[in-house]
$ cat entry-v8.cif   # mmCIF, C-alpha atoms
data_model
loop_
_atom_site.label_atom_id
_atom_site.label_comp_id
_atom_site.auth_asym_id
_atom_site.auth_seq_id
_atom_site.Cartn_x
_atom_site.Cartn_y
_atom_site.Cartn_z
CA PHE A 175 -113.40 -11.66 183.08
CA CYS A 176 -110.72 -13.16 185.35
CA CYS A 177 -111.87 -16.73 184.86
CA SER A 178 -108.77 -18.23 186.53
CA LEU A 179 -108.82 -15.97 189.61
CA LYS A 180 -109.00 -18.29 192.64
CA GLU A 181 -108.22 -16.13 195.66
CA ILE A 182 -108.87 -12.58 196.80
CA ILE A 183 -107.60 -10.89 199.95
CA PHE A 184 -109.90 -8.06 200.99
CA HIS A 185 -108.58 -5.42 203.37
CA GLU A 186 -110.57 -4.10 206.32
CA GLY A 187 -112.17 -0.76 205.58
CA LEU A 188 -113.74 -1.90 202.30
CA LYS A 189 -117.41 -0.88 202.32
CA GLU A 190 -118.76 -1.99 198.97
CA ILE A 191 -117.93 -4.46 196.20
CA GLY A 192 -119.01 -3.01 192.86
CA SER A 193 -121.20 -4.42 190.13
CA SER A 194 -119.80 -7.46 188.29
CA ALA A 195 -116.45 -7.01 190.06
CA PHE A 196 -115.68 -10.75 190.15
CA TYR A 197 -118.21 -12.02 187.63
CA GLY A 198 -117.28 -15.41 186.22
CA CYS A 199 -114.20 -15.97 188.39
CA SER A 200 -113.11 -19.25 189.99
CA ILE A 201 -112.80 -18.10 193.60
CA GLU A 202 -112.47 -21.08 195.91
CA ASN A 203 -112.64 -19.45 199.35
CA LEU A 204 -114.59 -16.25 199.85
CA ASN A 205 -113.63 -14.34 203.00
CA LEU A 206 -115.41 -11.00 203.13
CA PRO A 207 -114.07 -8.23 205.39
CA ASP A 208 -115.97 -7.24 208.54
CA SER A 209 -116.28 -3.67 207.23
CA LEU A 210 -118.28 -4.66 204.12
CA THR A 211 -121.83 -3.26 203.93
CA VAL A 212 -122.87 -3.84 200.29
CA VAL A 213 -122.32 -6.71 197.84
CA GLY A 214 -122.97 -5.19 194.42
CA MET A 215 -125.07 -6.36 191.51
CA ASN A 216 -123.70 -9.54 189.85
CA SER A 217 -120.48 -9.05 191.80
CA PHE A 218 -119.83 -12.79 192.28
CA ALA A 219 -122.21 -14.17 189.65
CA TYR A 220 -121.23 -17.32 187.77
CA ASN A 221 -118.50 -18.34 190.21
CA THR A 222 -118.27 -22.11 190.00
CA LYS A 223 -115.96 -22.84 192.93
CA ILE A 224 -117.53 -21.12 195.95
CA THR A 225 -119.14 -23.69 198.25
CA ASN A 226 -119.78 -21.77 201.49
CA ILE A 227 -120.50 -18.15 202.38
CA LYS A 228 -120.72 -16.58 205.82
CA PHE A 229 -121.66 -12.91 205.86
CA ASN A 230 -120.18 -10.47 208.37
CA GLU A 231 -122.30 -8.48 210.80
CA SER A 232 -121.85 -5.14 209.00
CA LEU A 233 -123.44 -6.29 205.73
CA THR A 234 -126.80 -4.65 205.00
CA ASP A 235 -127.47 -5.19 201.29
CA ILE A 236 -127.02 -8.01 198.80
CA LYS A 237 -127.83 -6.59 195.37
CA SER A 238 -129.47 -8.19 192.34
CA GLY A 239 -127.74 -11.25 190.97
CA ALA A 240 -124.86 -10.98 193.43
CA PHE A 241 -124.33 -14.76 193.70
CA SER A 242 -126.46 -16.00 190.82
CA LYS A 243 -125.44 -19.29 189.18
CA ASN A 244 -122.99 -20.21 191.92
CA GLU A 245 -123.78 -23.81 191.12
CA ASN A 246 -121.51 -25.37 193.77
CA LEU A 247 -122.72 -23.14 196.59
CA LYS A 248 -124.06 -25.39 199.34
CA SER A 249 -124.28 -23.22 202.45
CA VAL A 250 -125.11 -19.58 203.16
CA VAL A 251 -125.04 -18.10 206.66
CA PHE A 252 -126.73 -14.71 206.80
CA ASN A 253 -125.90 -12.06 209.39
CA ASP A 254 -128.50 -10.50 211.69
CA GLY A 255 -127.83 -7.01 210.33
CA LEU A 256 -128.81 -7.83 206.76
CA LYS A 257 -131.67 -5.63 205.52
CA SER A 258 -132.22 -6.39 201.84
CA VAL A 259 -131.68 -9.22 199.33
CA GLY A 260 -132.23 -8.23 195.69
CA SER A 261 -133.71 -9.95 192.65
CA ASP A 262 -131.96 -13.12 191.44
CA ALA A 263 -129.40 -12.78 194.24
CA PHE A 264 -129.07 -16.56 194.54
CA TRP A 265 -130.81 -17.52 191.31
CA GLY A 266 -129.66 -20.85 189.91
CA CYS A 267 -127.67 -21.94 192.98
CA LYS A 268 -128.71 -25.50 192.35
CA ASN A 269 -126.91 -27.10 195.31
CA LEU A 270 -128.34 -24.89 198.07
CA LYS A 271 -130.50 -27.02 200.35
CA GLU A 272 -131.62 -24.66 203.11
CA ILE A 273 -132.04 -20.92 203.58
CA ILE A 274 -132.48 -19.32 207.01
CA LEU A 275 -133.38 -15.65 206.64
CA PRO A 276 -132.44 -13.48 209.64
CA ASP A 277 -135.10 -11.75 211.71
CA GLY A 278 -133.69 -8.35 210.78
CA LEU A 279 -134.10 -8.84 207.03
CA ALA A 280 -136.68 -6.32 205.82
CA THR A 281 -137.05 -7.19 202.13
CA LEU A 282 -136.44 -10.29 200.04
CA ASP A 283 -137.13 -10.01 196.34
CA VAL A 284 -139.45 -12.83 195.27
CA SER A 285 -136.99 -13.97 192.59
CA ALA A 286 -133.96 -14.10 194.91
CA LEU A 287 -134.14 -17.89 195.27
CA ASP A 288 -135.50 -18.91 191.86
CA GLU A 289 -134.22 -22.09 190.23
CA CYS A 290 -132.51 -23.42 193.35
CA ALA A 291 -133.37 -26.98 192.39
CA SER A 292 -132.10 -28.67 195.59
CA LEU A 293 -133.58 -26.15 198.02
CA LYS A 294 -135.74 -28.01 200.53
CA LYS A 295 -136.46 -25.54 203.33
CA ILE A 296 -136.86 -21.78 203.66
CA TYR A 297 -137.09 -20.05 207.03
CA ILE A 298 -138.60 -16.54 206.96
CA GLY A 299 -137.76 -14.28 209.90
CA LYS A 300 -140.07 -12.01 211.86
CA ASN A 301 -139.48 -8.77 209.91
CA THR A 302 -139.12 -10.06 206.34
CA GLU A 303 -141.48 -8.95 203.59
CA LEU A 304 -141.37 -10.22 200.01
CA GLU A 305 -140.81 -7.52 197.38
CA SER A 306 -142.43 -7.34 193.94
CA ALA A 307 -146.00 -7.31 195.17
CA TYR A 308 -146.60 -11.01 195.79
CA LYS A 309 -145.55 -12.20 192.35
CA GLY A 310 -144.16 -15.70 191.95
CA PHE A 311 -141.92 -16.81 194.82
CA ALA A 312 -139.18 -19.49 194.69
CA ILE A 313 -139.93 -20.40 191.07
CA SER A 314 -138.55 -23.69 189.70
CA CYS A 315 -137.49 -24.87 193.15
CA ALA A 316 -138.83 -28.34 192.44
CA GLY A 317 -137.38 -29.90 195.58
CA LEU A 318 -138.91 -27.41 198.03
CA GLU A 319 -140.57 -29.29 200.90
CA ASN A 320 -141.48 -26.64 203.44
CA ILE A 321 -141.55 -22.94 204.25
CA PHE A 322 -141.37 -21.87 207.87
CA VAL A 323 -142.36 -18.40 209.09
CA SER A 324 -141.65 -16.77 212.42
CA LYS A 325 -144.84 -16.51 214.46
CA ASP A 326 -144.00 -12.84 214.96
CA ASN A 327 -143.94 -12.07 211.24
CA LYS A 328 -146.80 -9.63 210.53
CA PHE A 329 -146.92 -10.32 206.78
CA TYR A 330 -147.06 -14.10 206.38
CA THR A 331 -147.92 -17.43 207.89
CA ALA A 332 -147.30 -20.98 206.70
CA LYS A 333 -148.78 -24.39 207.28
CA ASP A 334 -148.09 -27.83 205.77
CA GLY A 335 -145.76 -26.45 203.12
CA ILE A 336 -148.06 -23.62 202.01
CA LEU A 337 -147.24 -19.92 202.37
CA TYR A 338 -150.13 -17.50 202.95
CA SER A 339 -150.55 -13.83 203.72
CA LYS A 340 -150.91 -13.32 207.47
CA ASN A 341 -154.71 -13.24 207.36
CA LYS A 342 -154.76 -16.24 205.00
CA GLU A 343 -156.67 -14.27 202.38
CA LYS A 344 -153.94 -14.85 199.79
CA LEU A 345 -152.24 -18.11 198.88
CA ILE A 346 -148.67 -17.22 197.89
CA ARG A 347 -146.80 -20.50 197.37
CA VAL A 348 -147.40 -24.23 197.59
CA CYS A 349 -144.17 -26.18 198.04
CA PRO A 350 -143.75 -28.71 195.20
CA GLN A 351 -142.81 -31.42 197.70
CA CYS A 352 -145.29 -30.44 200.42
CA PRO A 353 -146.21 -33.37 202.68
CA HIS A 354 -149.77 -33.97 201.46
CA LYS A 355 -151.04 -35.27 198.11
CA ASN A 356 -154.51 -33.91 198.86
CA ILE A 357 -154.39 -30.22 199.71
CA THR A 358 -157.35 -28.34 201.15
CA ILE A 359 -157.25 -24.56 200.72
CA PRO A 360 -159.04 -22.79 203.60
CA GLU A 361 -162.19 -20.82 202.89
CA SER A 362 -160.45 -17.60 204.00
CA VAL A 363 -158.40 -17.61 200.75
CA THR A 364 -159.79 -15.22 198.14
CA LYS A 365 -156.66 -14.64 196.01
CA ILE A 366 -153.94 -16.82 194.53
CA SER A 367 -150.52 -15.45 193.59
CA LYS A 368 -148.79 -15.83 190.26
CA ASP A 369 -146.97 -19.16 189.99
CA ALA A 370 -148.33 -20.28 193.36
CA PHE A 371 -148.32 -23.89 192.11
CA ASN A 372 -145.12 -23.68 190.04
CA SER A 373 -143.40 -27.11 189.82
CA VAL A 374 -146.18 -28.70 191.89
CA LYS A 375 -147.17 -32.05 190.40
CA ASP A 376 -149.58 -34.90 191.07
CA ARG A 377 -151.71 -33.17 193.67
CA ILE A 378 -155.44 -32.78 194.27
CA ILE A 379 -156.30 -29.24 195.34
CA ARG A 380 -159.63 -28.76 197.12
CA PHE A 381 -161.10 -25.32 197.76
CA ASP A 382 -163.46 -25.05 200.71
CA SER A 383 -164.88 -21.85 199.23
CA ILE A 384 -165.81 -20.60 195.77
CA SER A 385 -165.19 -16.96 196.73
CA ILE A 386 -161.84 -16.75 194.89
CA SER A 387 -161.88 -13.24 193.42
CA GLY A 388 -158.33 -12.99 192.09
CA ILE A 389 -156.23 -15.67 190.39
CA GLU A 390 -153.03 -14.24 188.93
CA ALA A 391 -151.56 -15.41 185.63
CA SER A 392 -149.80 -18.79 185.58
CA SER A 393 -151.07 -19.73 189.04
CA VAL A 394 -151.69 -23.31 187.91
CA HIS A 395 -149.95 -25.15 185.06
CA SER A 396 -152.32 -27.77 183.66
CA LYS A 397 -149.51 -30.07 182.43
CA ASN A 398 -148.47 -30.92 185.99
CA ASN A 399 -151.38 -33.25 186.84
CA ILE A 400 -153.01 -30.92 189.34
CA TYR A 401 -156.71 -31.53 189.90
CA VAL A 402 -158.65 -28.60 191.29
CA ARG A 403 -161.87 -29.49 193.11
CA CYS A 404 -164.44 -26.99 194.35
CA HIS A 405 -166.22 -27.32 197.69
CA ASN A 406 -169.32 -28.79 196.00
CA GLY A 407 -167.29 -31.67 194.55
CA SER A 408 -167.07 -30.43 190.97
CA ASN A 409 -163.70 -30.35 189.19
CA ILE A 410 -162.04 -27.48 187.35
#

$ encode --input "entry-v8.cif" --output "structure tokens"
Amino acid sequence: FCCSLKEIIFHEGLKEIGSSAFYGCSIENLNLPDSLTVVGMNSFAYNTKITNIKFNESLTDIKSGAFSKNENLKSVVFNDGLKSVGSDAFWGCKNLKEIILPDGLATLDVSALDECASLKKIYIGKNTELESAYKGFAISCAGLENIFVSKDNKFYTAKDGILYSKNKEKLIRVCPQCPHKNITIPESVTKISKDAFNSVKDRIIRFDSISISGIEASSVHSKNNIYVRCHNGSNI
């Protein structure tokens, strides 16, 4: 690895940056060429100096782990032409505070933003769908306060820091720092995603219905002082 590499000058015409190309480097300013369409797997992983990234309009794919463990990364500006963000793409970027996903983004892997400890807000655009079949989303993002979803998104909706499927039949994610200590889950919910309550602490969860037919593994971690109350007043 080129651990001391601080600067790269990319020439126009470059289409793709290959897997692990600059893994573990110390790049201070990342200026990607306008011609770039693909950032490869782990290509800039474990870079400790990058603080800001602005993607060009030609970029369509950010592969798995591309910017994982960029611990000083504070700002990411996505382009409207982006189509896919892979697994662990921004995993462990502990200083990211806000993510605004473009309307054109088609797929975001559920693990793309895991362990972003300072992340407070996620904005999901109108065409974005989470990959990996509704498994745990934004895991170990203990500072997450709210998730916002475009009203035109046909897959999801959100309210009061809780992400649901569009028809509100599935609860996908409760933000650990959601605004309410007492959370009422609507009676339309019949399924709860894996790790839906990950990092959520000191909350009372009330279900208005007992028709929950599917609770995926690790949905609730008992050590986090979460009290689950059924509609008839009994506790779980």

$ atom_distance --input "entry-v8.cif" --atom1 "atom CA of A:Lys328" --atom2 "atom CA of A:Asn301"
7.4 Å

$ resolve_selection --input "entry-v8.cif" --expression "the PyMOL selection byres ((chain A and resi 227) around 6)" --output "PDB file with C-alpha atoms, in the frame of the given file"
ATOM      1  CA  ASN A 226    -119.780 -21.770 201.490  1.00  0.00           C
ATOM      2  CA  LYS A 228    -120.720 -16.580 205.820  1.00  0.00           C
ATOM      3  CA  VAL A 250    -125.110 -19.580 203.160  1.00  0.00           C
TER       4      VAL A 250
END

$ residues_around --input "entry-v8.cif" --residues "stretch 273-276 of chain A" --least-positions-apart "2" --cutoff "9 Å" --atoms "all atoms listed in the file" --output "MDAnalysis selection string"
chainID A and resid 249:257 270:271 278:279 293:302

$ resolve_selection --input "entry-v8.cif" --expression "the PyMOL selection byres ((chain A and resi 199) around 12)" --output "PyMOL selection string"
chain A and resi 175-182+194-198+200-204+216-224+241+243-244

$ resolve_selection --input "entry-v8.cif" --expression "the PyMOL selection byres ((chain A and resi 286) around 8)" --output "mmCIF file with C-alpha atoms, in the frame of the given file"
data_model
loop_
_atom_site.group_PDB
_atom_site.id
_atom_site.type_symbol
_atom_site.label_atom_id
_atom_site.label_comp_id
_atom_site.auth_asym_id
_atom_site.auth_seq_id
_atom_site.Cartn_x
_atom_site.Cartn_y
_atom_site.Cartn_z
ATOM 1 C CA SER A 238 -129.470 -8.190 192.340
ATOM 2 C CA GLY A 239 -127.740 -11.250 190.970
ATOM 3 C CA VAL A 259 -131.680 -9.220 199.330
ATOM 4 C CA GLY A 260 -132.230 -8.230 195.690
ATOM 5 C CA SER A 261 -133.710 -9.950 192.650
ATOM 6 C CA ASP A 262 -131.960 -13.120 191.440
ATOM 7 C CA ALA A 263 -129.400 -12.780 194.240
ATOM 8 C CA PHE A 264 -129.070 -16.560 194.540
ATOM 9 C CA TRP A 265 -130.810 -17.520 191.310
ATOM 10 C CA LEU A 282 -136.440 -10.290 200.040
ATOM 11 C CA ASP A 283 -137.130 -10.010 196.340
ATOM 12 C CA VAL A 284 -139.450 -12.830 195.270
ATOM 13 C CA SER A 285 -136.990 -13.970 192.590
ATOM 14 C CA LEU A 287 -134.140 -17.890 195.270
ATOM 15 C CA ASP A 288 -135.500 -18.910 191.860
ATOM 16 C CA ALA A 312 -139.180 -19.490 194.690
#

$ closest_residue --input "entry-v8.cif" --among "A:Asp382, A:Glu343, A:Asp334, A:Glu190" --to "A:Leu210" --atoms "all atoms listed in the file"
A:Glu190

$ axis_aligned_box --input "entry-v8.cif" --around "stretch 365-384 of chain A" --padding-each-side "8 Å" --output "JSON"
{"center_x": -154.6, "center_y": -24.8, "center_z": 195.3, "size_x": 38.4, "size_y": 36.3, "size_z": 26.9}

$ atom_distance --input "entry-v8.cif" --atom1 "atom CA of A:Leu206" --atom2 "atom CA of A:Val323"
28.6 Å

$ residues_around --input "entry-v8.cif" --residues "A:Leu188" --least-positions-apart "5" --cutoff "12 Å" --atoms "all atoms listed in the file" --output "JSON, numbers by chain"
{"A": [183, 206, 207, 208, 209, 210, 211, 212, 213, 232, 233]}

$ closest_residue --input "entry-v8.cif" --among "A:Ser258, A:Thr364, A:Ser324, A:Asn246" --to "A:Cys290" --atoms "all atoms listed in the file"
A:Asn246

$ atom_distance --input "entry-v8.cif" --atom1 "atom CA of A:Ser373" --atom2 "atom CA of A:Lys342"
21.9 Å

$ decode --input "entry-v8.cif" --residues "stretch 239-254 of chain A" --atoms "N, CA and C atoms" --output "short mmCIF file (atom, residue, chain, number, x, y, z; two decimals), in the first residue's frame"
data_model
loop_
_atom_site.label_atom_id
_atom_site.label_comp_id
_atom_site.auth_asym_id
_atom_site.auth_seq_id
_atom_site.Cartn_x
_atom_site.Cartn_y
_atom_site.Cartn_z
N GLY A 239 -17.49 -1.14 -0.32
CA GLY A 239 -16.35 -0.73 0.47
C GLY A 239 -15.52 0.39 -0.10
N ALA A 240 -16.01 1.07 -1.12
CA ALA A 240 -15.21 2.05 -1.85
C ALA A 240 -14.58 3.12 -0.96
N PHE A 241 -15.32 3.60 0.04
CA PHE A 241 -14.81 4.64 0.93
C PHE A 241 -14.94 4.21 2.41
N SER A 242 -14.93 2.92 2.65
CA SER A 242 -15.08 2.43 4.01
C SER A 242 -13.91 2.88 4.89
N LYS A 243 -14.23 3.17 6.15
CA LYS A 243 -13.27 3.61 7.16
C LYS A 243 -12.50 4.86 6.75
N ASN A 244 -13.16 5.75 6.02
CA ASN A 244 -12.61 7.09 5.82
C ASN A 244 -13.04 7.91 7.03
N GLU A 245 -12.32 7.79 8.10
CA GLU A 245 -12.78 8.27 9.39
C GLU A 245 -12.82 9.79 9.53
N ASN A 246 -12.17 10.51 8.63
CA ASN A 246 -12.22 11.97 8.68
C ASN A 246 -13.17 12.56 7.63
N LEU A 247 -13.84 11.70 6.91
CA LEU A 247 -14.78 12.16 5.89
C LEU A 247 -15.99 12.82 6.56
N LYS A 248 -16.25 14.07 6.21
CA LYS A 248 -17.32 14.83 6.84
C LYS A 248 -18.46 15.18 5.89
N SER A 249 -18.19 15.22 4.60
CA SER A 249 -19.20 15.67 3.64
C SER A 249 -19.11 14.88 2.35
N VAL A 250 -20.27 14.41 1.88
CA VAL A 250 -20.36 13.72 0.59
C VAL A 250 -21.49 14.36 -0.21
N VAL A 251 -21.17 14.80 -1.42
CA VAL A 251 -22.18 15.36 -2.32
C VAL A 251 -22.34 14.40 -3.49
N PHE A 252 -23.51 13.75 -3.55
CA PHE A 252 -23.77 12.79 -4.61
C PHE A 252 -24.28 13.50 -5.87
N ASN A 253 -24.00 12.90 -7.01
CA ASN A 253 -24.49 13.43 -8.29
C ASN A 253 -25.84 12.82 -8.64
N ASP A 254 -26.60 13.52 -9.46
CA ASP A 254 -27.94 13.06 -9.83
C ASP A 254 -27.92 11.79 -10.68
#
